[in-house]
Amino acid sequence: MPLTRRSALAALIANGAAGALAASPAPAAAGWPTEAPLGPPRPFSYEALKARAAALADRPYVPPAQLSAEALHAIDFDAFGQVAYRRESSLWAEAESGGIRFFPLARVAHVPVAMNVVWRGQARPVEYSPALFDMPANSPVRRLGDKAGFGGFRVMNDDRQTDWIAYLGASYFRSADPFNQYGLSARGLAIDTATSRREEFPVFTAFWLEHEAAGRLVVHALLDGPSVAGAYRIRHQRSAAGLVQEIEASLHFRAAVERLGVAPLTSMYWYGQSDRRPSDDWRPQIHDSDGLAIWTGAGERIWRPLANPSRVVTNAFLDKTPRGFGLMQRNRNFAEYEDDGAFYDRRPSAWVEPVGDWGAGSVQLVEIPTARETDDNIVAFWTPAASPAPGQALDFAYRLHWTAEEPSPVGVARVIATRVGHGGRPGEPGPPGRRKWVVDFAGPGLEGLRRGDVEPVVTLEAGAPINPIAYPVVGQARWRLMFDADAPPGAAVNARAFLRRGGAALSETWVYPVADA
């Protein structure tokens, strides 16, 4: 079986990786952790790390040293899942947080990553040894040698059996909070995703791990790739509502970038309520996220259901000074998935909250065709209006919320379901080439209103909606917007719709993707 980020995650879960939410943040570490082998100390600060990234970008890119490609390829899903870092060698193993444990290299994480521990302005490297891991005698990890290096790390819950965040492969990381279940992932930076150029995956080549005096875990990271070098500082704050990461990034560009992706999120959407064609699987829906939510700089709330197209589709939502965006899993009803192994109803949502003025640009959504649930085929990120040039430096700061839903109140009714089918009256043959869209809304602003109080506002990129209507669903705390549109096979139908009363919007704006019949 090929090892992907998703199958690597499955291996972690099989070994008890994702689990219970800690009741409180980790306490400050008292002194150096003595459980793991550490090298001599050197001065460290985030300012020094930023200067290092700037100096690195002034030099030509040097690819990481390559280990045995054959041995790395052999560390597949099964081999990776059979290797476990020894509990007694964890960093801060006796702390309430449960400690930090490291991953070996693997097919999905083939670049050695330097690990360091920070305390009182000094950093000490964690020295790699195969003896730090429990693994079979014939494990291909042993073939990498005594100096192979680590592939990433994870932070344990206080049960010492499960973890709440993992950094593994390129610049990818993901959290299991708040539902004790892994799903979508984030990464440090996206470079030239879905462009005419080959996508670039810069790598976190080194980490510095620290506990602040208040007890929060701080991860410092050095990013490097052909086009960019950068320094990251990521603070972690957990609560019952989920995890909040305060992320600072200082980027320095070696080369021109066609499409820069800031705060990128990666997820999986195979099929759902609005798009059941890709599979005859027995489960009603399979996806980690069901839509892209945007809060524009002007205050508009937008909901864009995800799709699994037959070709790569990229949508750009132009904006200025965005307030937030995220890939969300809104449907939390187990009966909508019926999966008692993967638990798609428990997959976390991820919401990006910009800090400061990000200026003009766009939220980009990339959807890639997939025929299975093991592929991460959805990407969302912020792209500045001006592409970075060689020698340019950019700083970004944002909060990344791993949560059940948008952390800020929406204030208007939200889209809770999107369904599509043949047009015309139910039970009668529909007019050729006509489709019906049914959108359900629920939430503030609609309570107590009657049929006729609410106006549906529907616009199509081409043509006009047929018989748009909005009404309260009998016996349900929701409103339904319904309309038909002519959409012959292969036609592009882009639709926008919302509910209003008088001049006031009562709902977020529903934006439907290109029809891909």
# chains A, B, ... in the order shown; residues from 1 in each chain; ligands from 1
$ residues_around --residues "stretch 167-178 of chain A" --least-positions-apart "6" --cutoff "6 Å" --atoms "only C-alpha atoms" --output "CSV table (one decimal) with C-alpha atoms, in the first residue's frame"
chain,number,residue,atom,x,y,z
A,109,ALA,CA,8.6,12.1,5.6
A,152,GLY,CA,8.8,14.7,12.8
A,153,PHE,CA,7.2,14.7,16.2
A,185,SER,CA,-4.1,19.2,7.9
A,186,ALA,CA,-2.3,22.6,7.7
A,187,ARG,CA,1.1,23.4,6.4
A,188,GLY,CA,3.6,26.2,6.6
A,203,VAL,CA,10.3,21.7,4.2
A,204,PHE,CA,10.6,22.4,7.9
A,242,GLY,CA,-10.2,23.2,20.6
A,403,THR,CA,-12.5,23.7,16.2
$ select_by_dssp --residues "stretch 351-404 of chain A" --states "strand (DSSP E)" --output "MDAnalysis selection string"
chainID A and resid 351:354 360:367 378:384 393:403
$ write_last_selection --atoms "N, CA and C atoms" --output "PDB file, in the first residue's frame"
ATOM      1  N   TRP A 351      -9.972  27.013  11.045  1.00  0.00           N
ATOM      2  CA  TRP A 351     -10.346  28.393  10.717  1.00  0.00           C
ATOM      3  C   TRP A 351      -9.125  29.293  10.859  1.00  0.00           C
ATOM      4  N   VAL A 352      -8.832  30.035   9.798  1.00  0.00           N
ATOM      5  CA  VAL A 352      -7.699  30.956   9.774  1.00  0.00           C
ATOM      6  C   VAL A 352      -8.198  32.356  10.126  1.00  0.00           C
ATOM      7  N   GLU A 353      -7.641  32.938  11.177  1.00  0.00           N
ATOM      8  CA  GLU A 353      -7.979  34.297  11.602  1.00  0.00           C
ATOM      9  C   GLU A 353      -6.760  35.197  11.397  1.00  0.00           C
ATOM     10  N   PRO A 354      -6.731  36.019  10.345  1.00  0.00           N
ATOM     11  CA  PRO A 354      -5.568  36.887  10.116  1.00  0.00           C
ATOM     12  C   PRO A 354      -5.339  37.847  11.281  1.00  0.00           C
ATOM     13  N   ALA A 360      -4.749  43.368  -0.029  1.00  0.00           N
ATOM     14  CA  ALA A 360      -5.574  42.833  -1.110  1.00  0.00           C
ATOM     15  C   ALA A 360      -5.070  41.469  -1.554  1.00  0.00           C
ATOM     16  N   GLY A 361      -6.000  40.639  -1.991  1.00  0.00           N
ATOM     17  CA  GLY A 361      -5.648  39.307  -2.470  1.00  0.00           C
ATOM     18  C   GLY A 361      -6.896  38.484  -2.680  1.00  0.00           C
ATOM     19  N   SER A 362      -6.791  37.183  -2.447  1.00  0.00           N
ATOM     20  CA  SER A 362      -7.935  36.301  -2.641  1.00  0.00           C
ATOM     21  C   SER A 362      -7.777  35.041  -1.819  1.00  0.00           C
ATOM     22  N   VAL A 363      -8.919  34.524  -1.374  1.00  0.00           N
ATOM     23  CA  VAL A 363      -8.956  33.179  -0.825  1.00  0.00           C
ATOM     24  C   VAL A 363      -9.082  32.229  -2.011  1.00  0.00           C
ATOM     25  N   GLN A 364      -8.129  31.330  -2.142  1.00  0.00           N
ATOM     26  CA  GLN A 364      -8.108  30.397  -3.269  1.00  0.00           C
ATOM     27  C   GLN A 364      -8.571  29.018  -2.796  1.00  0.00           C
ATOM     28  N   LEU A 365      -9.397  28.401  -3.615  1.00  0.00           N
ATOM     29  CA  LEU A 365      -9.866  27.040  -3.356  1.00  0.00           C
ATOM     30  C   LEU A 365      -9.513  26.171  -4.542  1.00  0.00           C
ATOM     31  N   VAL A 366      -8.772  25.103  -4.306  1.00  0.00           N
ATOM     32  CA  VAL A 366      -8.370  24.164  -5.352  1.00  0.00           C
ATOM     33  C   VAL A 366      -9.017  22.817  -5.059  1.00  0.00           C
ATOM     34  N   GLU A 367      -9.741  22.287  -6.051  1.00  0.00           N
ATOM     35  CA  GLU A 367     -10.382  20.981  -5.929  1.00  0.00           C
ATOM     36  C   GLU A 367      -9.809  20.057  -6.998  1.00  0.00           C
ATOM     37  N   ILE A 378      -8.339  18.601  -1.564  1.00  0.00           N
ATOM     38  CA  ILE A 378      -8.870  19.951  -1.381  1.00  0.00           C
ATOM     39  C   ILE A 378      -7.792  20.824  -0.743  1.00  0.00           C
ATOM     40  N   VAL A 379      -7.563  22.006  -1.313  1.00  0.00           N
ATOM     41  CA  VAL A 379      -6.588  22.940  -0.754  1.00  0.00           C
ATOM     42  C   VAL A 379      -7.220  24.329  -0.720  1.00  0.00           C
ATOM     43  N   ALA A 380      -7.029  25.055   0.383  1.00  0.00           N
ATOM     44  CA  ALA A 380      -7.496  26.435   0.497  1.00  0.00           C
ATOM     45  C   ALA A 380      -6.392  27.261   1.132  1.00  0.00           C
ATOM     46  N   PHE A 381      -6.212  28.500   0.653  1.00  0.00           N
ATOM     47  CA  PHE A 381      -5.172  29.370   1.202  1.00  0.00           C
ATOM     48  C   PHE A 381      -5.446  30.810   0.773  1.00  0.00           C
ATOM     49  N   TRP A 382      -4.686  31.731   1.343  1.00  0.00           N
ATOM     50  CA  TRP A 382      -4.743  33.148   0.976  1.00  0.00           C
ATOM     51  C   TRP A 382      -3.600  33.453   0.020  1.00  0.00           C
ATOM     52  N   THR A 383      -3.916  34.126  -1.085  1.00  0.00           N
ATOM     53  CA  THR A 383      -2.915  34.537  -2.061  1.00  0.00           C
ATOM     54  C   THR A 383      -2.883  36.058  -2.149  1.00  0.00           C
ATOM     55  N   PRO A 384      -1.755  36.691  -1.798  1.00  0.00           N
ATOM     56  CA  PRO A 384      -1.657  38.148  -1.944  1.00  0.00           C
ATOM     57  C   PRO A 384      -1.831  38.566  -3.397  1.00  0.00           C
ATOM     58  N   ALA A 393      10.889  40.205   1.115  1.00  0.00           N
ATOM     59  CA  ALA A 393      10.566  39.618   2.417  1.00  0.00           C
ATOM     60  C   ALA A 393       9.113  39.926   2.760  1.00  0.00           C
ATOM     61  N   LEU A 394       8.417  38.957   3.303  1.00  0.00           N
ATOM     62  CA  LEU A 394       7.024  39.109   3.709  1.00  0.00           C
ATOM     63  C   LEU A 394       6.845  38.515   5.100  1.00  0.00           C
ATOM     64  N   ASP A 395       6.077  39.207   5.934  1.00  0.00           N
ATOM     65  CA  ASP A 395       5.733  38.698   7.253  1.00  0.00           C
ATOM     66  C   ASP A 395       4.223  38.515   7.347  1.00  0.00           C
ATOM     67  N   PHE A 396       3.804  37.402   7.917  1.00  0.00           N
ATOM     68  CA  PHE A 396       2.388  37.130   8.133  1.00  0.00           C
ATOM     69  C   PHE A 396       2.190  36.629   9.561  1.00  0.00           C
ATOM     70  N   ALA A 397       1.035  36.968  10.131  1.00  0.00           N
ATOM     71  CA  ALA A 397       0.659  36.441  11.441  1.00  0.00           C
ATOM     72  C   ALA A 397      -0.816  36.073  11.393  1.00  0.00           C
ATOM     73  N   TYR A 398      -1.166  34.964  12.019  1.00  0.00           N
ATOM     74  CA  TYR A 398      -2.561  34.534  12.063  1.00  0.00           C
ATOM     75  C   TYR A 398      -2.770  33.535  13.194  1.00  0.00           C
ATOM     76  N   ARG A 399      -4.041  33.399  13.551  1.00  0.00           N
ATOM     77  CA  ARG A 399      -4.429  32.365  14.512  1.00  0.00           C
ATOM     78  C   ARG A 399      -5.115  31.245  13.746  1.00  0.00           C
ATOM     79  N   LEU A 400      -4.706  30.035  14.005  1.00  0.00           N
ATOM     80  CA  LEU A 400      -5.311  28.868  13.366  1.00  0.00           C
ATOM     81  C   LEU A 400      -6.106  28.113  14.427  1.00  0.00           C
ATOM     82  N   HIS A 401      -7.428  28.101  14.244  1.00  0.00           N
ATOM     83  CA  HIS A 401      -8.334  27.459  15.198  1.00  0.00           C
ATOM     84  C   HIS A 401      -8.686  26.057  14.706  1.00  0.00           C
ATOM     85  N   TRP A 402      -8.424  25.039  15.515  1.00  0.00           N
ATOM     86  CA  TRP A 402      -8.905  23.677  15.276  1.00  0.00           C
ATOM     87  C   TRP A 402     -10.151  23.532  16.134  1.00  0.00           C
ATOM     88  N   THR A 403     -11.308  23.468  15.501  1.00  0.00           N
ATOM     89  CA  THR A 403     -12.543  23.718  16.221  1.00  0.00           C
ATOM     90  C   THR A 403     -13.701  22.974  15.578  1.00  0.00           C
TER      91      THR A 403
END
$ residues_around --residues "A:Arg323" --least-positions-apart "4" --cutoff "10 Å" --atoms "only C-alpha atoms" --output "number ranges by chain"
A: 294-301, 319, 352-358, 408
$ atom_distance --atom1 "atom CA of A:His287" --atom2 "atom CA of A:Asp440"
19.3 Å
$ residues_around --residues "A:Gly502" --least-positions-apart "4" --cutoff "10 Å" --atoms "only C-alpha atoms" --output "list in words"
Asp453, Val454, Glu455 and Leu506 of chain A
$ write_last_selection --atoms "C-alpha atoms" --output "PDB file, in the first residue's frame"
ATOM      1  CA  ASP A 453     -41.562  37.433   5.060  1.00  0.00           C
ATOM      2  CA  VAL A 454     -38.342  36.238   3.452  1.00  0.00           C
ATOM      3  CA  GLU A 455     -37.148  36.946  -0.073  1.00  0.00           C
ATOM      4  CA  LEU A 506     -30.747  37.170   6.877  1.00  0.00           C
TER       5      LEU A 506
END
$ atom_distance --atom1 "atom CA of A:Val108" --atom2 "atom CA of A:Ala53"
24.8 Å
